[in-house]
Amino acid sequence: MTVTAYSFTVLSLRIASNDNTQIAIAATVTRWYDANARDLAWRRPGASPWGVLVSEVMLQQTQVSRVEPAWQTWMERWPTPAHLAADPPGEAIRAWDRLGYPRRALRLHACATAIVERHDGEVPDDVEALLALPGIGTYTARAVAAFAFRQRHPVVDTNVRRVVARAVAGEADGGANTTPADLRAVEVLLPEDEEAAARASVAFMELGAVVCTARAPRCEECPLTAVCAWRLAGSPPPDGPARRSQRYHGTDRYVRGLLMAVLRASDTPVPAERLDAVWPDADQRHRALAGLLADGLVRRREETYALPG
DNA sequence: GACACGTGGAT
DNA sequence: TATCCAAGTGT
């Protein structure tokens with residue numbers, strides 16, 4: 001049998017996880033979380049697995065402050081997957097309002113439908129089944145399994161990548177996407193006990209969200225300040241290439257947003273001319289509309305357009 | 001693996 | 001005002 005570099009890495013991580021400092025990290029952050037956690041509706045004891053799932057989808061690339069009211073409204077209207085599945089997908093898109101990335105709303109509706117069809121209306125409690133649902137990827141599947149069902153899984157989002165990159169690896173930032181190595185690196189930090197691991201997972205995320213932030217970390221408030229490898233190395237700046245800055249104004253995404261806003265606001269199909277009025281560049285407008293049609297976010301009927309019924 | 005995909009809070 | 005970037009997923 002060949003001993004690969006990968007198995008060396010895993011072995012050294014296993015050894016590292018037995019190190020006192022490594023073990024102390026989860027306990028320390030969890031203790032900090034117990035004293036400092038924000039009171040978010042989807043974290044309360046009464047929150048259902050469906051509520052947790054909805055919150056995780058809404059939180060994808062979207063700030064907590066914008067999600068809170070949207071989640072409340074959504075859960076009152078569609079308290080279970082069956083409630084959502086019973087309404088047309090266009091209603092989910094309309095209710096999504098300005099949360100952004102409306103494909104998430106369409107997929108959440110498809111997700112509810114799949115839960116009703118494949119799981120008797122109950123959110124599944126295993127990562128494999130969750131991963132098979134529309135709009136549920138590496139992060140969200142594990143987040144739901146951990147936070148709704150109190151299981152032990154590495155829950156790795158941008159916050160956790162950053163916290164671990166800094167505290168453990170001594171780097172300024174985590175990668176742009178979660179890799180299998182990231183999952184492994186976080187997994188070895190988790191306590192063996194399932195409930196304790198689930199609590200450590202929220203705690204890591206919370207620390208990254210409110211203290212170990214991307215722009216101006218509040219290291220004075222950080223429970224890991226004494227052991228943080230990045231801090232101990234003098235907080236070196238990021239070394240890799242700077243990520244490309246994303247423009248929005250005037251992009252296809254922007255035009256898609258303009259078109260969707262018109263369609264959301266209308267209870268009746270919208271004539272093509274009304275859409276023509278939102279943006280002067282006809283080429284770009286057509287490209288945006290074609291994309292929306294291809295994505296299933298918009299339906300055409302003759303010369304009118306509407307959200308999918 | 002890079003890229004597309006919305007919208008707005010924070011600085 | 002401009003720029004960063006926010007609990008990612010799917011292609």
# chains A, B, ... in the order shown; residues from 1 in each chain; ligands from 1
>>> residues_around(residues="DG6 in chain B", least_positions_apart="4", cutoff="12 Å", atoms="only C-alpha atoms (C1' of nucleotides)", output="short mmCIF file (atom, residue, chain, number, x, y, z; two decimals) with N, CA and C atoms (P, O5', C5', C4', C3', O3' and C1' of nucleotides), in the first residue's frame")
data_model
loop_
_atom_site.label_atom_id
_atom_site.label_comp_id
_atom_site.auth_asym_id
_atom_site.auth_seq_id
_atom_site.Cartn_x
_atom_site.Cartn_y
_atom_site.Cartn_z
N GLN A 60 -27.63 32.23 2.83
CA GLN A 60 -26.57 32.06 1.83
C GLN A 60 -26.26 33.40 1.18
N GLN A 61 -25.11 33.94 1.46
CA GLN A 61 -24.65 35.20 0.86
C GLN A 61 -25.53 36.39 1.25
N THR A 62 -26.22 36.28 2.38
CA THR A 62 -27.14 37.35 2.77
C THR A 62 -27.03 37.61 4.27
N TRP A 96 -39.95 36.14 -1.67
CA TRP A 96 -38.51 36.29 -1.47
C TRP A 96 -38.15 37.77 -1.52
N ASP A 97 -38.95 38.49 -2.26
CA ASP A 97 -38.81 39.95 -2.36
C ASP A 97 -37.38 40.34 -2.74
N ARG A 98 -36.71 41.18 -1.97
CA ARG A 98 -35.40 41.68 -2.37
C ARG A 98 -34.25 41.01 -1.61
N LEU A 99 -34.44 39.77 -1.19
CA LEU A 99 -33.36 39.07 -0.50
C LEU A 99 -32.18 38.78 -1.43
N GLY A 100 -32.46 38.75 -2.72
CA GLY A 100 -31.39 38.50 -3.69
C GLY A 100 -31.27 37.03 -4.08
N TYR A 101 -30.61 36.79 -5.21
CA TYR A 101 -30.48 35.44 -5.76
C TYR A 101 -31.82 34.70 -5.69
N PRO A 102 -32.82 35.15 -6.47
CA PRO A 102 -34.15 34.53 -6.40
C PRO A 102 -34.17 33.06 -6.80
N ARG A 103 -33.09 32.59 -7.42
CA ARG A 103 -33.03 31.16 -7.70
C ARG A 103 -33.15 30.37 -6.40
N ARG A 104 -32.68 30.97 -5.30
CA ARG A 104 -32.79 30.29 -4.02
C ARG A 104 -34.25 30.03 -3.66
N ARG A 247 -18.28 43.91 -9.70
CA ARG A 247 -19.13 45.03 -10.03
C ARG A 247 -20.58 44.55 -10.07
N TYR A 248 -21.49 45.45 -9.89
CA TYR A 248 -22.90 45.05 -9.95
C TYR A 248 -23.69 45.98 -10.87
N HIS A 249 -23.54 47.27 -10.65
CA HIS A 249 -24.29 48.23 -11.44
C HIS A 249 -24.02 48.04 -12.93
N THR A 251 -24.48 45.43 -14.73
CA THR A 251 -24.20 44.06 -15.17
C THR A 251 -25.49 43.34 -15.56
N ASP A 252 -25.34 42.16 -16.14
CA ASP A 252 -26.51 41.34 -16.45
C ASP A 252 -27.31 41.03 -15.18
N ARG A 253 -26.60 40.80 -14.11
CA ARG A 253 -27.28 40.52 -12.85
C ARG A 253 -28.16 41.68 -12.43
N TYR A 254 -27.63 42.86 -12.63
CA TYR A 254 -28.37 44.07 -12.27
C TYR A 254 -29.66 44.15 -13.11
N VAL A 255 -29.53 43.88 -14.40
CA VAL A 255 -30.70 43.97 -15.28
C VAL A 255 -31.71 42.87 -14.94
N ARG A 256 -31.21 41.69 -14.63
CA ARG A 256 -32.11 40.63 -14.17
C ARG A 256 -32.90 41.11 -12.94
N GLY A 257 -32.20 41.79 -12.05
CA GLY A 257 -32.85 42.31 -10.85
C GLY A 257 -33.96 43.30 -11.19
N LEU A 258 -33.69 44.16 -12.15
CA LEU A 258 -34.70 45.14 -12.57
C LEU A 258 -35.93 44.43 -13.13
N LEU A 259 -35.69 43.44 -13.97
CA LEU A 259 -36.81 42.70 -14.57
C LEU A 259 -37.61 41.96 -13.50
N MET A 260 -36.92 41.31 -12.59
CA MET A 260 -37.61 40.56 -11.55
C MET A 260 -38.44 41.48 -10.65
N ALA A 261 -37.93 42.67 -10.39
CA ALA A 261 -38.68 43.60 -9.54
C ALA A 261 -40.02 43.96 -10.17
P DA C 6 -17.23 38.30 4.39
"O5'" DA C 6 -18.64 37.90 5.03
"C5'" DA C 6 -19.42 38.91 5.62
"C4'" DA C 6 -20.88 38.68 5.27
"C3'" DA C 6 -21.26 37.23 5.01
"O3'" DA C 6 -22.15 36.79 6.05
"C1'" DA C 6 -22.17 38.66 3.34
#
>>> residues_around(residues="DA2 in chain B", least_positions_apart="4", cutoff="12 Å", atoms="only C-alpha atoms (C1' of nucleotides)", output="list in words")
Ala176, Asn177 and Arg244 of chain A; DT11 of chain C
>>> closest_atom_pairs(of="chain B", to="chain A", cutoff="9 Å", atoms="only C-alpha atoms (C1' of nucleotides)", output="Markdown table")
| residue | atom | partner | partner_atom | distance |
| --- | --- | --- | --- | --- |
| B:DA4 | C1' | A:Arg253 | CA | 8.5 |
| B:DC5 | C1' | A:Tyr101 | CA | 6.1 |
| B:DG6 | C1' | A:Gly100 | CA | 3.8 |
| B:DT7 | C1' | A:Gly100 | CA | 5.2 |
| B:DG8 | C1' | A:Arg66 | CA | 8.5 |
| B:DG9 | C1' | A:Gln63 | CA | 7.8 |
>>> write_last_selection(atoms="N, CA and C atoms (P, O5', C5', C4', C3', O3' and C1' of nucleotides)", output="PDB file, in the first residue's frame")
ATOM      1  P    DA B   4     -18.770  35.299 -15.265  1.00  0.00           P
ATOM      2  O5'  DA B   4     -20.266  34.874 -14.930  1.00  0.00           O
ATOM      3  C5'  DA B   4     -20.927  33.903 -15.733  1.00  0.00           C
ATOM      4  C4'  DA B   4     -22.274  33.601 -15.109  1.00  0.00           C
ATOM      5  C3'  DA B   4     -23.059  34.834 -14.659  1.00  0.00           C
ATOM      6  O3'  DA B   4     -24.419  34.636 -15.013  1.00  0.00           O
ATOM      7  C1'  DA B   4     -22.697  33.410 -12.806  1.00  0.00           C
ATOM      8  P    DC B   5     -25.449  35.836 -14.865  1.00  0.00           P
ATOM      9  O5'  DC B   5     -26.056  35.556 -13.426  1.00  0.00           O
ATOM     10  C5'  DC B   5     -26.700  34.295 -13.197  1.00  0.00           C
ATOM     11  C4'  DC B   5     -27.010  34.177 -11.733  1.00  0.00           C
ATOM     12  C3'  DC B   5     -27.598  35.446 -11.098  1.00  0.00           C
ATOM     13  O3'  DC B   5     -28.800  35.096 -10.446  1.00  0.00           O
ATOM     14  C1'  DC B   5     -25.938  34.526  -9.748  1.00  0.00           C
ATOM     15  P    DG B   6     -29.863  36.219 -10.102  1.00  0.00           P
ATOM     16  O5'  DG B   6     -29.058  37.324  -9.272  1.00  0.00           O
ATOM     17  C5'  DG B   6     -29.409  38.664  -9.348  1.00  0.00           C
ATOM     18  C4'  DG B   6     -30.222  39.042  -8.127  1.00  0.00           C
ATOM     19  C3'  DG B   6     -30.516  40.540  -8.024  1.00  0.00           C
ATOM     20  O3'  DG B   6     -31.724  40.651  -7.294  1.00  0.00           O
ATOM     21  C1'  DG B   6     -29.071  39.942  -6.288  1.00  0.00           C
ATOM     22  P    DT B   7     -32.458  42.034  -7.161  1.00  0.00           P
ATOM     23  O5'  DT B   7     -31.845  42.657  -5.843  1.00  0.00           O
ATOM     24  C5'  DT B   7     -32.182  42.063  -4.604  1.00  0.00           C
ATOM     25  C4'  DT B   7     -31.317  42.646  -3.521  1.00  0.00           C
ATOM     26  C3'  DT B   7     -31.237  44.179  -3.488  1.00  0.00           C
ATOM     27  O3'  DT B   7     -32.009  44.599  -2.388  1.00  0.00           O
ATOM     28  C1'  DT B   7     -29.170  43.122  -2.974  1.00  0.00           C
ATOM     29  P    DG B   8     -32.164  46.124  -1.950  1.00  0.00           P
ATOM     30  O5'  DG B   8     -31.123  46.256  -0.767  1.00  0.00           O
ATOM     31  C5'  DG B   8     -31.218  45.360   0.334  1.00  0.00           C
ATOM     32  C4'  DG B   8     -29.987  45.500   1.206  1.00  0.00           C
ATOM     33  C3'  DG B   8     -29.664  46.936   1.639  1.00  0.00           C
ATOM     34  O3'  DG B   8     -29.139  46.869   2.948  1.00  0.00           O
ATOM     35  C1'  DG B   8     -27.805  46.012   0.646  1.00  0.00           C
ATOM     36  P    DG B   9     -29.634  47.895   4.040  1.00  0.00           P
ATOM     37  O5'  DG B   9     -28.626  47.565   5.220  1.00  0.00           O
ATOM     38  C5'  DG B   9     -28.453  46.202   5.608  1.00  0.00           C
ATOM     39  C4'  DG B   9     -27.067  46.013   6.159  1.00  0.00           C
ATOM     40  C3'  DG B   9     -26.540  47.168   6.998  1.00  0.00           C
ATOM     41  O3'  DG B   9     -25.777  46.629   8.068  1.00  0.00           O
ATOM     42  C1'  DG B   9     -25.100  46.821   5.162  1.00  0.00           C
TER      43       DG B   9
END
>>> interface_residues(of="chain A", to="chain C", cutoff="10 Å", atoms="only C-alpha atoms (C1' of nucleotides)", output="ChimeraX atom specification")
/A:55-64,103-104,134-140,143,155-160,177-178,202,205-206,209,214-215,245-247
